[in-house]
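To keep things clear, I will list the structure first and then write my remarks on it.
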Amino acid sequence: EDYIPKHNTQACETYDHFLISSETLSLDRACALVRDDSAGAISTFEGTTRNTFNGKRVLRLEYEAYEPMARKEWLNIVQEARSKYHILGTAMHHRIGEVPVGQTSVIIVASSAHRADAINAVHFLIDSLKARLPIWKKEILDDGSGAWKENEAINLTVHRPVSH
Amino acid sequence: EDYIPKHNTQACETYDHFLISSETLSLDRACALVRDDSAGAISTFEGTTRNTFNGKRVLRLEYEAYEPMARKEWLNIVQEARSKYHILGTAMHHRIGEVPVGQTSVIIVASSAHRADAINAVHFLIDSLKARLPIWKKEILDDGSGAWKENEAINLTVHRPVSH
Amino acid sequence: MISVKLLYFASARDAAHGLSSETIELEQQAPATLQSAVNIIRQRHPNMEAVLKTALLSLNQEYCEAENTQDILLRDGDEVAVIPPVSGG
Amino acid sequence: MISVKLLYFASARDAAHGLSSETIELEQQAPATLQSAVNIIRQRHPNMEAVLKTALLSLNQEYCEAENTQDILLRDGDEVAVIPPVSGG
């Protein structure tokens with residue numbers, strides 16, 4: 001059985017980075033926070049603003065967040081991820097303000113010794129973010145109208161622990 | 001039902017990028033190849049050289065590839081991925097030669113309208129690569145010894161299509 | 001009297017005509033519960049009724065679990081937010 | 001006579017004492033099959049026996065599916081590779 005390097009089961013801001021910012025996001029910067037010589041795998045997810053919704057043309061998305069609660073709730077979510085998966089480090093960066101078409105609204109990264117943990121953890125993390133984090137987006141269409149979106153119901157029970 | 005933008009079911013080197021190189025790999029460069037205004041999600045996987053295996057310290061990995069066959073087999077793999085998932089673009093970059101501890105040996109990226117397709121496609125692609133692509137790595141330990149590795153048996157049937 | 005801060009996000013802020021936060025005073029002995037805060041919100045912002053149908057509430061930056069908001073006692077300095085259905089990511 | 005190129009990767013190359021490729025001549029009418037090429041490999045590189053136990057073979061850069069290598073006919077210019085268990089990624 002392969003040696004599993006140190007991995008924290010306790011979520012902690014030293015290893016679980018959280019950033020909400022109106023600046024453009026960078027995948028490289030997020031990945032740098034989770035790189036580790038004991039990692040064999042880094043998995044990432046980027047959410048980007050799509051140019052259409054229901055056949056209508058989207059100009060941009062506008063995001064707002066209840067930041068102190070998002071930070072608390074995110075640590076809860078990462079805690080759950082760490083109970084299911086062997087994770088070395090994570091980072092979650094979410095943009096607020098205007099995010100034009102093609103640009104990135106959220107980045108989630110995770111590192112682990114083995115690939116299944118990193119890939120499954122990121123999937124769990126983005127699904128949990130979309131279900132639970134107090135962040136909202138308004139979709140601005142090319143006819144000038146804007147509507148607050150509501151994420152679809154997400155079944156989080158499908159995310160089972162990785163067996164080693 | 002949300003409009004699904006153009007996605008090719010046919011693997012094609014215009015949308016499915018393949019690179020084997022001895023140069024260092026770049027996640028940003030790989031992602032740039034799959035970005036698309038109709039994408040809502042980009043998922044990536046990076047394999048990196050770990051510093052331990054079975055409690056022994058690893059110095060580096062050395063990779064070699066049967067490149068023309070790897071290219072053919074990769075297109076077959078992407079074809080299968082495109083039959084299971086709605087994918088806009090993919091890129092697979094694999095490094096050959098020496099890959100020191102902490103550096104990246106492989107990058108796989110995929111873009112899609114919706115996150116489940118991108119995340120599940122990347123998971124399928126890395127599992128398939130490890131099972132099928134004619135690439136080999138030699139693990140050099142700190143005692144100077146080197147051994148050709150063999151990837152563990154992988155169950156590819158767990159990768160089911162995403163339901164829309 | 002105790003002071004409680006109310007926060008309105010997204011469609012809740014729209015229903016409060018752009019007001020993102022306000023502080024209210026509650027009679028602690030009444031008792032001061034989450035329900036009493038909600039009642040005040042309803043009185044001050046009639047448009048909030050529709051939002052409250054699908055929104056969750058938070059207390060001090062944690063989701064409120066209780067079925068019955070009258071069971072949750074408020075204390076001086078508490079922060080309550082109206083959390084419409086989220087759409088992060 | 002037909003020319004067939006043989007490629008040896010990883011542990012197969014080690015078993016061939018560092019030889020990564022060679023070209024052999026086969027008598028087409030013998031018939032020239034994948035099995036006859038494997039026999040030549042065995043004769044020239046005795047250490048290859050152990051590798052062949054777990055290796056796959058490829059013909060013209062595609063995995064060989066056939067159970068029986070004597071059923072696969074070779075043609076002039078074909079490329080055969082010994083593919084030890086892979087370890088990409």
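Chain labels run A, B, ... following the order of the structure tokens; each chain numbers its residues from 1, and ligands are numbered from 1 in the order shown.
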
Region 142-158 of chain A environment, 6 Å, only C-alpha atoms, sequence neighbours closer than 2 positions dropped, as a VMD selection string: (chain A and resid 57 to 59 137 to 140 160) or (chain C and resid 85 to 87)

Give me a file of those residues, with C-alpha atoms, as a PDB file, in the first residue's frame.
ATOM      1  CA  ARG A  57     -27.307  36.447 -25.495  1.00  0.00           C
ATOM      2  CA  VAL A  58     -25.611  37.278 -22.185  1.00  0.00           C
ATOM      3  CA  LEU A  59     -23.452  40.407 -21.843  1.00  0.00           C
ATOM      4  CA  LYS A 137     -25.183  36.523  -9.601  1.00  0.00           C
ATOM      5  CA  LYS A 138     -27.274  38.764 -11.755  1.00  0.00           C
ATOM      6  CA  GLU A 139     -27.367  37.939 -15.446  1.00  0.00           C
ATOM      7  CA  ILE A 140     -27.351  40.970 -17.745  1.00  0.00           C
ATOM      8  CA  ARG A 160     -18.772   9.394  -1.942  1.00  0.00           C
TER       9      ARG A 160
ATOM     10  CA  PRO C  85     -31.639  31.306  -3.241  1.00  0.00           C
ATOM     11  CA  VAL C  86     -27.920  31.425  -3.949  1.00  0.00           C
ATOM     12  CA  SER C  87     -26.153  31.445  -7.292  1.00  0.00           C
TER      13      SER C  87
END

Would you list which chain B residues are within 8 Å of chain D using only C-alpha atoms, as a ChimeraX atom specification? /B:47,63-64,66,68-69,72-73,94,105-106,126,129-137,148-151

Alpha helix (DSSP H) call set, DSSP backbone run, region 121-150 of chain B, as a PDB file with all heavy atoms, in the first residue's frame:
ATOM      1  N   ALA B 121     -15.291  14.429 -17.883  1.00  0.00           N
ATOM      2  CA  ALA B 121     -14.485  14.135 -19.064  1.00  0.00           C
ATOM      3  C   ALA B 121     -12.999  14.081 -18.684  1.00  0.00           C
ATOM      4  O   ALA B 121     -12.278  13.173 -19.093  1.00  0.00           O
ATOM      5  CB  ALA B 121     -14.706  15.187 -20.143  1.00  0.00           C
ATOM      6  N   VAL B 122     -12.546  15.046 -17.891  1.00  0.00           N
ATOM      7  CA  VAL B 122     -11.135  15.057 -17.508  1.00  0.00           C
ATOM      8  C   VAL B 122     -10.794  13.813 -16.690  1.00  0.00           C
ATOM      9  O   VAL B 122      -9.733  13.209 -16.867  1.00  0.00           O
ATOM     10  CB  VAL B 122     -10.784  16.344 -16.735  1.00  0.00           C
ATOM     11  CG1 VAL B 122      -9.415  16.234 -16.069  1.00  0.00           C
ATOM     12  CG2 VAL B 122     -10.778  17.523 -17.698  1.00  0.00           C
ATOM     13  N   HIS B 123     -11.705  13.408 -15.821  1.00  0.00           N
ATOM     14  CA  HIS B 123     -11.461  12.215 -15.016  1.00  0.00           C
ATOM     15  C   HIS B 123     -11.342  10.985 -15.912  1.00  0.00           C
ATOM     16  O   HIS B 123     -10.420  10.171 -15.762  1.00  0.00           O
ATOM     17  CB  HIS B 123     -12.610  12.035 -14.009  1.00  0.00           C
ATOM     18  CG  HIS B 123     -12.240  11.187 -12.836  1.00  0.00           C
ATOM     19  ND1 HIS B 123     -13.029  11.055 -11.718  1.00  0.00           N
ATOM     20  CD2 HIS B 123     -11.151  10.403 -12.613  1.00  0.00           C
ATOM     21  CE1 HIS B 123     -12.442  10.233 -10.852  1.00  0.00           C
ATOM     22  NE2 HIS B 123     -11.308   9.828 -11.369  1.00  0.00           N
ATOM     23  N   PHE B 124     -12.260  10.873 -16.884  1.00  0.00           N
ATOM     24  CA  PHE B 124     -12.208   9.769 -17.843  1.00  0.00           C
ATOM     25  C   PHE B 124     -10.913   9.819 -18.655  1.00  0.00           C
ATOM     26  O   PHE B 124     -10.277   8.784 -18.906  1.00  0.00           O
ATOM     27  CB  PHE B 124     -13.421   9.845 -18.773  1.00  0.00           C
ATOM     28  CG  PHE B 124     -13.355   8.901 -19.937  1.00  0.00           C
ATOM     29  CD1 PHE B 124     -13.663   7.554 -19.779  1.00  0.00           C
ATOM     30  CD2 PHE B 124     -12.989   9.352 -21.203  1.00  0.00           C
ATOM     31  CE1 PHE B 124     -13.584   6.661 -20.859  1.00  0.00           C
ATOM     32  CE2 PHE B 124     -12.924   8.473 -22.280  1.00  0.00           C
ATOM     33  CZ  PHE B 124     -13.215   7.129 -22.115  1.00  0.00           C
ATOM     34  N   LEU B 125     -10.519  11.015 -19.073  1.00  0.00           N
ATOM     35  CA  LEU B 125      -9.341  11.152 -19.931  1.00  0.00           C
ATOM     36  C   LEU B 125      -8.051  10.757 -19.195  1.00  0.00           C
ATOM     37  O   LEU B 125      -7.208  10.049 -19.765  1.00  0.00           O
ATOM     38  CB  LEU B 125      -9.230  12.581 -20.463  1.00  0.00           C
ATOM     39  CG  LEU B 125     -10.288  12.978 -21.505  1.00  0.00           C
ATOM     40  CD1 LEU B 125     -10.240  14.473 -21.800  1.00  0.00           C
ATOM     41  CD2 LEU B 125     -10.117  12.181 -22.799  1.00  0.00           C
ATOM     42  N   ILE B 126      -7.880  11.174 -17.955  1.00  0.00           N
ATOM     43  CA  ILE B 126      -6.642  10.833 -17.254  1.00  0.00           C
ATOM     44  C   ILE B 126      -6.612   9.338 -16.917  1.00  0.00           C
ATOM     45  O   ILE B 126      -5.576   8.680 -17.014  1.00  0.00           O
ATOM     46  CB  ILE B 126      -6.393  11.709 -16.000  1.00  0.00           C
ATOM     47  CG1 ILE B 126      -5.033  11.359 -15.346  1.00  0.00           C
ATOM     48  CG2 ILE B 126      -7.486  11.583 -14.970  1.00  0.00           C
ATOM     49  CD1 ILE B 126      -3.824  11.540 -16.253  1.00  0.00           C
ATOM     50  N   ASP B 127      -7.764   8.778 -16.555  1.00  0.00           N
ATOM     51  CA  ASP B 127      -7.805   7.332 -16.305  1.00  0.00           C
ATOM     52  C   ASP B 127      -7.476   6.563 -17.584  1.00  0.00           C
ATOM     53  O   ASP B 127      -6.738   5.568 -17.547  1.00  0.00           O
ATOM     54  CB  ASP B 127      -9.190   6.929 -15.779  1.00  0.00           C
ATOM     55  CG  ASP B 127      -9.324   7.125 -14.272  1.00  0.00           C
ATOM     56  OD1 ASP B 127      -8.372   7.612 -13.625  1.00  0.00           O
ATOM     57  OD2 ASP B 127     -10.392   6.785 -13.735  1.00  0.00           O
ATOM     58  N   SER B 128      -8.026   6.996 -18.711  1.00  0.00           N
ATOM     59  CA  SER B 128      -7.771   6.312 -19.982  1.00  0.00           C
ATOM     60  C   SER B 128      -6.316   6.449 -20.406  1.00  0.00           C
ATOM     61  O   SER B 128      -5.703   5.501 -20.905  1.00  0.00           O
ATOM     62  CB  SER B 128      -8.674   6.870 -21.076  1.00  0.00           C
ATOM     63  OG  SER B 128     -10.027   6.662 -20.758  1.00  0.00           O
ATOM     64  N   LEU B 129      -5.761   7.643 -20.200  1.00  0.00           N
ATOM     65  CA  LEU B 129      -4.359   7.851 -20.556  1.00  0.00           C
ATOM     66  C   LEU B 129      -3.476   6.867 -19.798  1.00  0.00           C
ATOM     67  O   LEU B 129      -2.598   6.212 -20.386  1.00  0.00           O
ATOM     68  CB  LEU B 129      -3.949   9.295 -20.213  1.00  0.00           C
ATOM     69  CG  LEU B 129      -2.526   9.730 -20.550  1.00  0.00           C
ATOM     70  CD1 LEU B 129      -2.465  11.237 -20.781  1.00  0.00           C
ATOM     71  CD2 LEU B 129      -1.521   9.339 -19.478  1.00  0.00           C
ATOM     72  N   LYS B 130      -3.757   6.749 -18.493  1.00  0.00           N
ATOM     73  CA  LYS B 130      -2.906   5.907 -17.661  1.00  0.00           C
ATOM     74  C   LYS B 130      -3.078   4.428 -18.001  1.00  0.00           C
ATOM     75  O   LYS B 130      -2.198   3.620 -17.764  1.00  0.00           O
ATOM     76  CB  LYS B 130      -3.181   6.168 -16.176  1.00  0.00           C
ATOM     77  CG  LYS B 130      -2.698   7.561 -15.753  1.00  0.00           C
ATOM     78  CD  LYS B 130      -3.012   7.872 -14.307  1.00  0.00           C
ATOM     79  CE  LYS B 130      -1.905   7.398 -13.380  1.00  0.00           C
ATOM     80  NZ  LYS B 130      -0.653   8.154 -13.506  1.00  0.00           N
ATOM     81  N   ALA B 131      -4.221   4.062 -18.544  1.00  0.00           N
ATOM     82  CA  ALA B 131      -4.465   2.663 -18.882  1.00  0.00           C
ATOM     83  C   ALA B 131      -3.912   2.304 -20.262  1.00  0.00           C
ATOM     84  O   ALA B 131      -3.484   1.164 -20.486  1.00  0.00           O
ATOM     85  CB  ALA B 131      -5.969   2.377 -18.847  1.00  0.00           C
ATOM     86  N   ARG B 132      -3.916   3.253 -21.195  1.00  0.00           N
ATOM     87  CA  ARG B 132      -3.750   2.895 -22.599  1.00  0.00           C
ATOM     88  C   ARG B 132      -2.605   3.551 -23.363  1.00  0.00           C
ATOM     89  O   ARG B 132      -2.115   2.995 -24.348  1.00  0.00           O
ATOM     90  CB  ARG B 132      -5.051   3.228 -23.334  1.00  0.00           C
ATOM     91  CG  ARG B 132      -6.235   2.419 -22.873  1.00  0.00           C
ATOM     92  CD  ARG B 132      -7.559   2.980 -23.337  1.00  0.00           C
ATOM     93  NE  ARG B 132      -7.650   3.187 -24.774  1.00  0.00           N
ATOM     94  CZ  ARG B 132      -8.750   3.575 -25.403  1.00  0.00           C
ATOM     95  NH1 ARG B 132      -9.853   3.793 -24.707  1.00  0.00           N
ATOM     96  NH2 ARG B 132      -8.759   3.765 -26.711  1.00  0.00           N
TER      97      ARG B 132
END

Return as a PDB file with N, CA, C and O atoms, in the first residue's frame the full set of residues in region 77-124 of chain B whose backbone-based DSSP assignment is strand (DSSP E).
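Result file is selection-v4.pdb:
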ATOM      1  N   GLY B  89     -13.716  21.855 -26.057  1.00  0.00           N
ATOM      2  CA  GLY B  89     -12.338  21.626 -26.476  1.00  0.00           C
ATOM      3  C   GLY B  89     -11.573  20.838 -25.429  1.00  0.00           C
ATOM      4  O   GLY B  89     -11.952  20.813 -24.262  1.00  0.00           O
ATOM      5  N   THR B  90     -10.501  20.150 -25.886  1.00  0.00           N
ATOM      6  CA  THR B  90      -9.619  19.458 -24.949  1.00  0.00           C
ATOM      7  C   THR B  90      -8.167  19.748 -25.318  1.00  0.00           C
ATOM      8  O   THR B  90      -7.864  20.151 -26.447  1.00  0.00           O
ATOM      9  N   ALA B  91      -7.287  19.535 -24.343  1.00  0.00           N
ATOM     10  CA  ALA B  91      -5.850  19.596 -24.624  1.00  0.00           C
ATOM     11  C   ALA B  91      -5.158  18.607 -23.698  1.00  0.00           C
ATOM     12  O   ALA B  91      -5.545  18.467 -22.540  1.00  0.00           O
ATOM     13  N   MET B  92      -4.174  17.887 -24.246  1.00  0.00           N
ATOM     14  CA  MET B  92      -3.381  16.950 -23.460  1.00  0.00           C
ATOM     15  C   MET B  92      -1.916  17.236 -23.764  1.00  0.00           C
ATOM     16  O   MET B  92      -1.495  17.147 -24.913  1.00  0.00           O
ATOM     17  N   HIS B  93      -1.189  17.630 -22.738  1.00  0.00           N
ATOM     18  CA  HIS B  93       0.255  17.892 -22.886  1.00  0.00           C
ATOM     19  C   HIS B  93       0.997  16.955 -21.962  1.00  0.00           C
ATOM     20  O   HIS B  93       0.730  16.933 -20.749  1.00  0.00           O
ATOM     21  N   HIS B  94       1.933  16.162 -22.524  1.00  0.00           N
ATOM     22  CA  HIS B  94       2.715  15.230 -21.710  1.00  0.00           C
ATOM     23  C   HIS B  94       4.197  15.520 -21.888  1.00  0.00           C
ATOM     24  O   HIS B  94       4.666  15.718 -23.013  1.00  0.00           O
ATOM     25  N   ARG B  95       4.890  15.545 -20.786  1.00  0.00           N
ATOM     26  CA  ARG B  95       6.320  15.829 -20.863  1.00  0.00           C
ATOM     27  C   ARG B  95       7.094  14.527 -20.972  1.00  0.00           C
ATOM     28  O   ARG B  95       6.713  13.511 -20.385  1.00  0.00           O
ATOM     29  N   GLY B  97      11.337  12.918 -20.989  1.00  0.00           N
ATOM     30  CA  GLY B  97      12.632  13.255 -20.435  1.00  0.00           C
ATOM     31  C   GLY B  97      12.499  13.324 -18.924  1.00  0.00           C
ATOM     32  O   GLY B  97      11.606  12.739 -18.328  1.00  0.00           O
ATOM     33  N   GLU B  98      13.390  14.079 -18.300  1.00  0.00           N
ATOM     34  CA  GLU B  98      13.409  14.137 -16.831  1.00  0.00           C
ATOM     35  C   GLU B  98      12.348  15.088 -16.287  1.00  0.00           C
ATOM     36  O   GLU B  98      12.227  16.215 -16.763  1.00  0.00           O
ATOM     37  N   VAL B  99      11.613  14.622 -15.291  1.00  0.00           N
ATOM     38  CA  VAL B  99      10.646  15.488 -14.605  1.00  0.00           C
ATOM     39  C   VAL B  99      10.978  15.439 -13.116  1.00  0.00           C
ATOM     40  O   VAL B  99      10.638  14.480 -12.433  1.00  0.00           O
ATOM     41  N   PRO B 100      11.678  16.461 -12.603  1.00  0.00           N
ATOM     42  CA  PRO B 100      12.082  16.454 -11.195  1.00  0.00           C
ATOM     43  C   PRO B 100      10.882  16.547 -10.240  1.00  0.00           C
ATOM     44  O   PRO B 100       9.774  16.899 -10.651  1.00  0.00           O
ATOM     45  N   THR B 104       5.626  19.154 -13.314  1.00  0.00           N
ATOM     46  CA  THR B 104       4.439  18.575 -13.928  1.00  0.00           C
ATOM     47  C   THR B 104       4.791  17.654 -15.089  1.00  0.00           C
ATOM     48  O   THR B 104       5.557  18.038 -15.972  1.00  0.00           O
ATOM     49  N   SER B 105       4.224  16.454 -15.068  1.00  0.00           N
ATOM     50  CA  SER B 105       4.461  15.498 -16.140  1.00  0.00           C
ATOM     51  C   SER B 105       3.333  15.478 -17.170  1.00  0.00           C
ATOM     52  O   SER B 105       3.576  15.189 -18.336  1.00  0.00           O
ATOM     53  N   VAL B 106       2.124  15.755 -16.737  1.00  0.00           N
ATOM     54  CA  VAL B 106       1.004  15.720 -17.680  1.00  0.00           C
ATOM     55  C   VAL B 106      -0.042  16.753 -17.291  1.00  0.00           C
ATOM     56  O   VAL B 106      -0.250  17.027 -16.109  1.00  0.00           O
ATOM     57  N   ILE B 107      -0.648  17.346 -18.304  1.00  0.00           N
ATOM     58  CA  ILE B 107      -1.771  18.273 -18.115  1.00  0.00           C
ATOM     59  C   ILE B 107      -2.886  17.845 -19.056  1.00  0.00           C
ATOM     60  O   ILE B 107      -2.649  17.601 -20.234  1.00  0.00           O
ATOM     61  N   ILE B 108      -4.085  17.745 -18.505  1.00  0.00           N
ATOM     62  CA  ILE B 108      -5.278  17.487 -19.336  1.00  0.00           C
ATOM     63  C   ILE B 108      -6.288  18.576 -18.999  1.00  0.00           C
ATOM     64  O   ILE B 108      -6.543  18.826 -17.836  1.00  0.00           O
ATOM     65  N   VAL B 109      -6.850  19.211 -20.008  1.00  0.00           N
ATOM     66  CA  VAL B 109      -7.886  20.223 -19.789  1.00  0.00           C
ATOM     67  C   VAL B 109      -9.070  19.956 -20.713  1.00  0.00           C
ATOM     68  O   VAL B 109      -8.891  19.414 -21.812  1.00  0.00           O
ATOM     69  N   ALA B 110     -10.258  20.320 -20.260  1.00  0.00           N
ATOM     70  CA  ALA B 110     -11.456  20.204 -21.093  1.00  0.00           C
ATOM     71  C   ALA B 110     -12.399  21.348 -20.765  1.00  0.00           C
ATOM     72  O   ALA B 110     -12.488  21.751 -19.605  1.00  0.00           O
ATOM     73  N   SER B 111     -13.093  21.863 -21.789  1.00  0.00           N
ATOM     74  CA  SER B 111     -14.080  22.909 -21.573  1.00  0.00           C
ATOM     75  C   SER B 111     -15.453  22.402 -22.013  1.00  0.00           C
ATOM     76  O   SER B 111     -15.560  21.541 -22.897  1.00  0.00           O
ATOM     77  N   SER B 112     -16.491  22.941 -21.389  1.00  0.00           N
ATOM     78  CA  SER B 112     -17.852  22.526 -21.701  1.00  0.00           C
ATOM     79  C   SER B 112     -18.804  23.634 -21.277  1.00  0.00           C
ATOM     80  O   SER B 112     -18.412  24.565 -20.594  1.00  0.00           O
TER      81      SER B 112
END

Just give me the gap between CA of Pro31 (chain D) and CA of Arg13 (chain D) in Å, one decimal is fine.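 Interatomic distance here is 26.8 Å.
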
Enumerate as number ranges by chain the residues belonging to chain A that approach chain B to within 8 Å, with only C-alpha atoms taken into account. A: 1-3, 27-28, 35-55, 101-102, 113, 115, 119, 123

Output file for the selection above: C-alpha atoms, as a compact mmCIF listing (two decimals), in the first residue's frame:
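Result file follows (result.txt):
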# COMPACT_ATOMS: atom_id res chain seq x y z
CA GLU A 1 0.00 0.00 0.00
CA ASP A 2 1.45 3.33 -1.04
CA TYR A 3 2.53 5.70 1.70
CA LEU A 27 -5.34 29.84 -12.25
CA ASP A 28 -1.56 29.85 -11.85
CA ARG A 35 1.65 22.87 -4.85
CA ASP A 36 3.57 20.43 -2.66
CA ASP A 37 6.44 18.01 -3.29
CA SER A 38 4.33 15.24 -1.78
CA ALA A 39 1.51 15.89 -4.26
CA GLY A 40 1.03 13.63 -7.27
CA ALA A 41 -2.07 15.39 -8.53
CA ILE A 42 -3.59 18.85 -8.78
CA SER A 43 -7.18 19.21 -9.97
CA THR A 44 -8.80 22.53 -10.85
CA PHE A 45 -12.19 23.91 -11.81
CA GLU A 46 -12.88 27.26 -13.43
CA GLY A 47 -16.36 28.68 -13.86
CA THR A 48 -16.57 31.18 -16.73
CA THR A 49 -19.28 33.53 -17.96
CA ARG A 50 -21.10 31.93 -20.89
CA ASN A 51 -22.42 34.02 -23.75
CA THR A 52 -25.87 32.44 -23.87
CA PHE A 53 -28.63 31.29 -21.56
CA ASN A 54 -31.82 29.75 -22.89
CA GLY A 55 -31.00 30.98 -26.38
CA VAL A 101 -18.35 36.89 -21.13
CA GLY A 102 -15.36 34.56 -21.35
CA ALA A 113 -1.07 12.33 -3.40
CA ARG A 115 -5.56 11.70 -8.55
CA ILE A 119 -10.56 15.20 -8.83
CA HIS A 123 -16.16 18.13 -7.89

One decimal, in Å: what's the spacing between CA of Met1 (chain D) and CA of Ala50 (chain D)? 29.2 Å

To one decimal place, how far is CA of Val82 (chain D) from CA of Ile41 (chain D) in Å?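 Atom-to-atom, CA of Val82 (chain D) to CA of Ile41 (chain D), that is 9.7 Å.
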
Need the shell around Leu73 (chain C): protein/DNA/RNA residues with any atom at most 7 Å away, counting only C-alpha atoms. Skip same-chain ones fewer than 4 positions apart. Format as a list in words?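 That gives Ala32, Thr33 and Leu34 of chain C.
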